[in-house]
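S.K.: Below you will find the structure I want to go over with you.
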Amino acid sequence: MRKKFEHNGRTIYEWEQNLNEILMYIKPPGGVTASMIECNITPSRLRLGIKGNPPFIDEEFFDKVIADESMWTMDGGEIEINLQKVKKASTWDSCLKGHDVLDPLAKTEVQKKMTLERFQEEHPGFDFSGAEFNGQPPDPRTFLGGVPYK
């Protein structure tokens with residue numbers, strides 16, 4: 001489920017998350033090609049823009065990422081930035097600090113989705129695709145003693 005971040009009525013980016021990663025989607029202006037893009041991902045910050053211009057985005061992430069395992073691509077006129085979470089299964093409230101946070105209902109849905117992803121990863125012989133939760137879902141990072149990884 002993509003979440004939009006808008007400023008002055010304009011969509012700046014969309015984002016979503018899963019157990020391992022944050023995915024950002026940005027539509028650059030028409031005529032912009034991948035070779036024109038400058039993207040710098042550090043463990044705590046994203047700088048993105050068109051080469052030779054001030055960055056379009058220069059913001060801190062909500063939490064740390066593994067910069068060496070994160071990347072960006074451009075396909076079909078859309079930039080996709082794949083950010084690998086340092087804390088696997090952590091629920092990010094927003095993609096970038098100071099930007100719109102997930103409302104309680106959206107956060108609950110994200111936690112349900114990630115908990116089911118965790119169950120599937122830890123029990124690959126079972127199908128959890130139709131599973132549902134009653135009430136508030138558990139935190140996918142700490143449930144049942146926590147994730148056995150990062």
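In the structure tokens, the first chain shown is A, the next is B, and so on; residue numbers restart at 1 for each chain, and ligands run from 1 in the order shown.
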So that I can check the surroundings of range 20-30 of chain A, please list as a ChimeraX atom specification every protein, DNA and RNA residue that reaches within 6 Å of it, counting only C-alpha atoms and ignoring chain neighbours fewer than 5 positions away.

M.R.: /A:13-15,78-85,88

S.K.: DSSP on the backbone, helix (DSSP H, G or I) only: what residues of range 20-142 of chain A does that give? Format it as a list in words.

M.R.: Ala34, Ser35, Met36, Ala67, Asp68, Glu69, Pro104, Leu105, Ala106, Lys107, Thr108, Glu109, Val110, Gln111, Lys112, Lys113, Met114, Thr115, Leu116, Glu117, Arg118, Phe119, Gln120, Glu121 and Glu122 of chain A

S.K.: Just give me the gap between CA of Glu38 in chain A and CA of Trp72 in chain A in Å, one decimal is fine.

M.R.: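 Taking CA of Glu38 in chain A as the start and CA of Trp72 in chain A as the end point, the length is 10.1 Å.
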
S.K.: Extract, using only C-alpha atoms, all DNA, RNA and protein residues at most 9 Å from Asp68 in chain A, discarding same-chain residues fewer than 4 positions from it, and format them as a list in words.

M.R.: Ile41, Thr42, Pro43 and Gln84 of chain A

S.K.: At a cut-off of 10 Å, using only C-alpha atoms, what residues contact Met114 in chain A? Leave out same-chain residues fewer than 3 positions from it and give the result as JSON, numbers by chain.

M.R.: {"A": [17, 18, 19, 20, 89, 90, 91, 108, 109, 110, 111, 117, 118, 119, 120, 137, 138, 139, 140, 141]}

S.K.: Please list as a list in words every residue within 10 Å of Ser94 in chain A, counting only C-alpha atoms and excluding residues in the same chain fewer than 2 positions away.

M.R.: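 My reading of the contact set: Lys3, Phe5, Trp15, Glu16, Gln17, Ile22, Phe61, Phe62, Asp63, Thr91, Trp92, Leu96, Lys97, Gly98, His99, Asp100, Val101, Leu102, Asp103 and Lys107 of chain A.
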
S.K.: Could you turn the residues from that selection into a file that holds C-alpha atoms, as a CSV table (one decimal), in the first residue's frame?

M.R.:
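Output file part-v7.csv follows:
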chain,number,residue,atom,x,y,z
A,3,LYS,CA,1.5,6.2,1.0
A,5,PHE,CA,3.7,12.6,0.6
A,15,TRP,CA,6.4,5.1,-0.4
A,16,GLU,CA,5.8,1.7,1.0
A,17,GLN,CA,7.6,-0.8,3.3
A,22,ILE,CA,11.5,0.9,2.1
A,61,PHE,CA,15.5,9.0,6.8
A,62,PHE,CA,13.0,8.1,9.5
A,63,ASP,CA,15.5,5.4,10.6
A,91,THR,CA,7.8,-0.2,11.2
A,92,TRP,CA,8.7,3.2,9.9
A,96,LEU,CA,11.7,10.9,5.8
A,97,LYS,CA,11.9,12.8,9.1
A,98,GLY,CA,9.4,15.6,9.5
A,99,HIS,CA,7.1,14.3,6.7
A,100,ASP,CA,3.6,13.0,7.1
A,101,VAL,CA,3.4,10.0,9.5
A,102,LEU,CA,1.2,7.0,9.0
A,103,ASP,CA,-2.2,7.4,10.6
A,107,LYS,CA,0.1,1.7,10.6

S.K.: Among range 31-92 of chain A, which ones does DSSP place in strand (DSSP E or B), written as a short mmCIF file (atom, residue, chain, number, x, y, z; two decimals) with all heavy atoms, in the first residue's frame?

M.R.:
data_model
loop_
_atom_site.label_atom_id
_atom_site.label_comp_id
_atom_site.auth_asym_id
_atom_site.auth_seq_id
_atom_site.Cartn_x
_atom_site.Cartn_y
_atom_site.Cartn_z
N ILE A 37 20.02 12.08 -13.47
CA ILE A 37 19.70 12.00 -12.04
C ILE A 37 20.96 11.86 -11.20
O ILE A 37 21.86 11.12 -11.53
CB ILE A 37 18.76 10.80 -11.75
CG1 ILE A 37 17.45 10.93 -12.53
CG2 ILE A 37 18.52 10.62 -10.26
CD1 ILE A 37 16.58 12.08 -12.10
N GLU A 38 20.97 12.58 -10.09
CA GLU A 38 22.02 12.42 -9.09
C GLU A 38 21.34 11.95 -7.81
O GLU A 38 20.44 12.61 -7.29
CB GLU A 38 22.73 13.75 -8.84
CG GLU A 38 23.89 13.63 -7.88
CD GLU A 38 24.72 14.91 -7.81
OE1 GLU A 38 24.36 15.91 -8.47
OE2 GLU A 38 25.72 14.90 -7.10
N CYS A 39 21.74 10.77 -7.32
CA CYS A 39 21.13 10.19 -6.12
C CYS A 39 22.24 9.73 -5.20
O CYS A 39 23.10 8.94 -5.59
CB CYS A 39 20.22 9.02 -6.51
SG CYS A 39 19.35 8.30 -5.10
N ASN A 40 22.22 10.24 -3.98
CA ASN A 40 23.21 9.86 -2.98
C ASN A 40 22.47 9.33 -1.76
O ASN A 40 21.69 10.07 -1.14
CB ASN A 40 24.08 11.07 -2.62
CG ASN A 40 25.18 10.72 -1.65
OD1 ASN A 40 25.55 9.56 -1.49
ND2 ASN A 40 25.70 11.73 -0.97
N ILE A 41 22.73 8.07 -1.42
CA ILE A 41 22.09 7.42 -0.27
C ILE A 41 23.16 7.15 0.77
O ILE A 41 24.14 6.46 0.49
CB ILE A 41 21.42 6.09 -0.69
CG1 ILE A 41 20.37 6.34 -1.78
CG2 ILE A 41 20.83 5.39 0.53
CD1 ILE A 41 19.86 5.07 -2.46
N ARG A 45 20.57 9.61 5.27
CA ARG A 45 20.08 10.73 4.45
C ARG A 45 19.96 10.35 2.98
O ARG A 45 20.72 9.56 2.46
CB ARG A 45 21.07 11.89 4.60
CG ARG A 45 20.63 13.17 3.98
CD ARG A 45 21.60 14.32 4.36
NE ARG A 45 20.88 15.57 4.34
CZ ARG A 45 20.19 16.08 5.33
NH1 ARG A 45 20.13 15.46 6.47
NH2 ARG A 45 19.55 17.22 5.20
N LEU A 46 18.99 11.01 2.33
CA LEU A 46 18.79 10.89 0.88
C LEU A 46 18.96 12.25 0.25
O LEU A 46 18.35 13.23 0.69
CB LEU A 46 17.39 10.36 0.56
CG LEU A 46 17.00 10.36 -0.92
CD1 LEU A 46 17.84 9.37 -1.71
CD2 LEU A 46 15.51 10.06 -1.09
N ARG A 47 19.80 12.31 -0.78
CA ARG A 47 19.93 13.51 -1.64
C ARG A 47 19.60 13.07 -3.04
O ARG A 47 20.22 12.16 -3.58
CB ARG A 47 21.36 14.04 -1.62
CG ARG A 47 21.63 15.05 -0.56
CD ARG A 47 23.05 15.55 -0.72
NE ARG A 47 23.16 16.38 -1.91
CZ ARG A 47 23.50 17.67 -1.89
NH1 ARG A 47 23.76 18.25 -0.76
NH2 ARG A 47 23.58 18.34 -3.00
N LEU A 48 18.59 13.71 -3.64
CA LEU A 48 18.14 13.34 -4.98
C LEU A 48 17.83 14.60 -5.77
O LEU A 48 17.17 15.51 -5.25
CB LEU A 48 16.88 12.48 -4.88
CG LEU A 48 16.22 12.11 -6.20
CD1 LEU A 48 17.05 11.05 -6.93
CD2 LEU A 48 14.82 11.59 -5.97
N GLY A 49 18.31 14.63 -6.99
CA GLY A 49 18.02 15.78 -7.83
C GLY A 49 18.54 15.56 -9.23
O GLY A 49 18.96 14.46 -9.60
N ILE A 50 18.52 16.63 -10.00
CA ILE A 50 19.05 16.61 -11.36
C ILE A 50 20.46 17.19 -11.29
O ILE A 50 20.67 18.24 -10.66
CB ILE A 50 18.14 17.42 -12.31
CG1 ILE A 50 16.77 16.75 -12.37
CG2 ILE A 50 18.77 17.53 -13.69
CD1 ILE A 50 15.73 17.51 -13.17
N ILE A 57 15.25 16.59 -3.23
CA ILE A 57 15.07 16.04 -1.88
C ILE A 57 16.44 15.97 -1.22
O ILE A 57 17.38 15.43 -1.81
CB ILE A 57 14.43 14.63 -1.91
CG1 ILE A 57 13.02 14.68 -2.48
CG2 ILE A 57 14.43 14.00 -0.51
CD1 ILE A 57 12.37 13.31 -2.67
N ASP A 58 16.55 16.51 -0.03
CA ASP A 58 17.78 16.43 0.78
C ASP A 58 17.31 16.31 2.22
O ASP A 58 17.21 17.31 2.93
CB ASP A 58 18.65 17.65 0.55
CG ASP A 58 20.00 17.54 1.26
OD1 ASP A 58 20.31 16.47 1.82
OD2 ASP A 58 20.76 18.53 1.24
N GLU A 59 16.97 15.10 2.62
CA GLU A 59 16.31 14.88 3.91
C GLU A 59 16.88 13.66 4.63
O GLU A 59 17.43 12.76 4.01
CB GLU A 59 14.81 14.63 3.70
CG GLU A 59 14.06 15.72 2.97
CD GLU A 59 13.80 16.96 3.80
OE1 GLU A 59 13.81 16.85 5.05
OE2 GLU A 59 13.56 18.03 3.22
N GLU A 60 16.68 13.64 5.95
CA GLU A 60 17.07 12.49 6.76
C GLU A 60 15.98 11.42 6.70
O GLU A 60 14.79 11.73 6.66
CB GLU A 60 17.25 12.90 8.22
CG GLU A 60 18.52 13.64 8.50
CD GLU A 60 18.69 13.88 9.99
OE1 GLU A 60 18.84 12.89 10.74
OE2 GLU A 60 18.65 15.06 10.38
N PHE A 61 16.42 10.16 6.72
CA PHE A 61 15.48 9.05 6.79
C PHE A 61 14.85 8.97 8.17
O PHE A 61 15.42 9.43 9.16
CB PHE A 61 16.19 7.71 6.50
CG PHE A 61 16.74 7.60 5.12
CD1 PHE A 61 18.09 7.37 4.92
CD2 PHE A 61 15.92 7.72 4.01
CE1 PHE A 61 18.62 7.26 3.64
CE2 PHE A 61 16.43 7.62 2.73
CZ PHE A 61 17.79 7.38 2.54
N VAL A 65 19.42 3.18 7.20
CA VAL A 65 19.39 2.21 6.10
C VAL A 65 20.81 1.68 5.87
O VAL A 65 21.79 2.28 6.30
CB VAL A 65 18.84 2.83 4.79
CG1 VAL A 65 17.44 3.38 5.00
CG2 VAL A 65 19.76 3.88 4.22
N MET A 71 19.67 1.09 -3.42
CA MET A 71 19.92 1.48 -4.80
C MET A 71 18.73 2.22 -5.39
O MET A 71 17.67 2.27 -4.77
CB MET A 71 20.20 0.25 -5.65
CG MET A 71 19.06 -0.76 -5.63
SD MET A 71 19.35 -2.12 -6.73
CE MET A 71 17.89 -2.03 -7.72
N TRP A 72 18.92 2.75 -6.57
CA TRP A 72 17.81 3.38 -7.28
C TRP A 72 17.84 2.96 -8.74
O TRP A 72 18.88 2.60 -9.28
CB TRP A 72 17.85 4.90 -7.15
CG TRP A 72 18.98 5.56 -7.90
CD1 TRP A 72 20.27 5.73 -7.46
CD2 TRP A 72 18.93 6.11 -9.22
NE1 TRP A 72 21.01 6.35 -8.42
CE2 TRP A 72 20.21 6.60 -9.52
CE3 TRP A 72 17.93 6.22 -10.17
CZ2 TRP A 72 20.53 7.21 -10.73
CZ3 TRP A 72 18.23 6.83 -11.39
CH2 TRP A 72 19.51 7.32 -11.65
N THR A 73 16.67 2.98 -9.35
CA THR A 73 16.52 2.70 -10.77
C THR A 73 15.48 3.66 -11.33
O THR A 73 14.72 4.27 -10.57
CB THR A 73 16.06 1.25 -11.05
OG1 THR A 73 14.79 1.04 -10.42
CG2 THR A 73 17.06 0.23 -10.53
N MET A 74 15.45 3.75 -12.64
CA MET A 74 14.42 4.55 -13.29
C MET A 74 13.83 3.70 -14.40
O MET A 74 14.55 3.17 -15.24
CB MET A 74 14.98 5.85 -13.85
CG MET A 74 13.93 6.76 -14.40
SD MET A 74 14.63 8.40 -14.70
CE MET A 74 13.28 9.16 -15.57
N ASP A 75 12.52 3.55 -14.36
CA ASP A 75 11.84 2.73 -15.35
C ASP A 75 10.46 3.33 -15.63
O ASP A 75 9.75 3.69 -14.68
CB ASP A 75 11.71 1.30 -14.84
CG ASP A 75 11.13 0.34 -15.87
OD1 ASP A 75 11.41 0.52 -17.07
OD2 ASP A 75 10.39 -0.58 -15.48
N GLU A 78 9.57 6.68 -13.95
CA GLU A 78 9.45 6.75 -12.49
C GLU A 78 10.76 6.28 -11.86
O GLU A 78 11.33 5.27 -12.26
CB GLU A 78 8.30 5.86 -12.02
CG GLU A 78 8.06 5.90 -10.52
CD GLU A 78 6.83 5.11 -10.12
OE1 GLU A 78 6.84 3.87 -10.23
OE2 GLU A 78 5.85 5.74 -9.69
N ILE A 79 11.22 7.04 -10.87
CA ILE A 79 12.40 6.65 -10.11
C ILE A 79 11.93 5.78 -8.95
O ILE A 79 10.99 6.15 -8.23
CB ILE A 79 13.14 7.89 -9.55
CG1 ILE A 79 13.63 8.78 -10.69
CG2 ILE A 79 14.29 7.47 -8.64
CD1 ILE A 79 14.11 10.15 -10.25
N GLU A 80 12.57 4.63 -8.79
CA GLU A 80 12.29 3.77 -7.64
C GLU A 80 13.56 3.68 -6.82
O GLU A 80 14.62 3.31 -7.34
CB GLU A 80 11.86 2.37 -8.07
CG GLU A 80 11.57 1.48 -6.87
CD GLU A 80 11.11 0.08 -7.24
OE1 GLU A 80 10.33 -0.07 -8.19
OE2 GLU A 80 11.55 -0.86 -6.55
N ILE A 81 13.45 4.04 -5.55
CA ILE A 81 14.58 3.97 -4.63
C ILE A 81 14.31 2.84 -3.65
O ILE A 81 13.28 2.84 -2.96
CB ILE A 81 14.79 5.31 -3.90
CG1 ILE A 81 15.00 6.44 -4.92
CG2 ILE A 81 15.97 5.21 -2.93
CD1 ILE A 81 15.05 7.82 -4.33
N ASN A 82 15.21 1.88 -3.60
CA ASN A 82 15.10 0.72 -2.73
C ASN A 82 16.07 0.91 -1.58
O ASN A 82 17.28 0.92 -1.78
CB ASN A 82 15.44 -0.54 -3.53
CG ASN A 82 15.32 -1.80 -2.71
OD1 ASN A 82 15.98 -1.92 -1.69
ND2 ASN A 82 14.53 -2.72 -3.17
N LEU A 83 15.53 1.08 -0.37
CA LEU A 83 16.33 1.33 0.83
C LEU A 83 16.25 0.11 1.74
O LEU A 83 15.15 -0.30 2.12
CB LEU A 83 15.80 2.56 1.57
CG LEU A 83 15.71 3.84 0.72
CD1 LEU A 83 14.86 4.87 1.42
CD2 LEU A 83 17.11 4.38 0.43
N GLN A 84 17.38 -0.47 2.07
CA GLN A 84 17.42 -1.64 2.93
C GLN A 84 17.46 -1.20 4.40
O GLN A 84 18.36 -0.46 4.80
CB GLN A 84 18.64 -2.50 2.60
CG GLN A 84 18.60 -3.09 1.20
CD GLN A 84 17.41 -4.00 1.01
OE1 GLN A 84 17.19 -4.94 1.76
NE2 GLN A 84 16.61 -3.71 -0.01
N LYS A 85 16.50 -1.66 5.18
CA LYS A 85 16.41 -1.29 6.59
C LYS A 85 17.57 -1.90 7.38
O LYS A 85 17.92 -3.06 7.18
CB LYS A 85 15.12 -1.82 7.21
CG LYS A 85 13.85 -1.19 6.69
CD LYS A 85 12.64 -1.85 7.34
CE LYS A 85 11.34 -1.26 6.89
NZ LYS A 85 10.19 -1.95 7.50
#

S.K.: I'd like the contact shell of Leu116 in chain A - 8 Å cut-off, only C-alpha atoms, skipping same-chain residues fewer than 6 positions apart - returned as a list of chain:residue names.

M.R.: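 Residues meeting the cut-off are A:Phe128, A:Ser129, A:Ala131.
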
S.K.: I need the residues from that last selection saved to file as a PDB file, in the first residue's frame (with N, CA, C and O atoms), if you can.

M.R.:
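Resulting contents of again.pdb:
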ATOM      1  N   PHE A 128       0.302 -18.206   4.403  1.00  0.00           N
ATOM      2  CA  PHE A 128      -0.366 -17.258   5.285  1.00  0.00           C
ATOM      3  C   PHE A 128      -1.116 -16.185   4.497  1.00  0.00           C
ATOM      4  O   PHE A 128      -1.572 -15.199   5.070  1.00  0.00           O
ATOM      5  N   SER A 129      -1.251 -16.360   3.188  1.00  0.00           N
ATOM      6  CA  SER A 129      -1.839 -15.314   2.350  1.00  0.00           C
ATOM      7  C   SER A 129      -3.283 -14.973   2.723  1.00  0.00           C
ATOM      8  O   SER A 129      -3.722 -13.849   2.548  1.00  0.00           O
ATOM      9  N   ALA A 131      -4.513 -15.339   5.874  1.00  0.00           N
ATOM     10  CA  ALA A 131      -4.606 -15.178   7.333  1.00  0.00           C
ATOM     11  C   ALA A 131      -5.096 -13.783   7.693  1.00  0.00           C
ATOM     12  O   ALA A 131      -4.825 -12.811   6.996  1.00  0.00           O
TER      13      ALA A 131
END
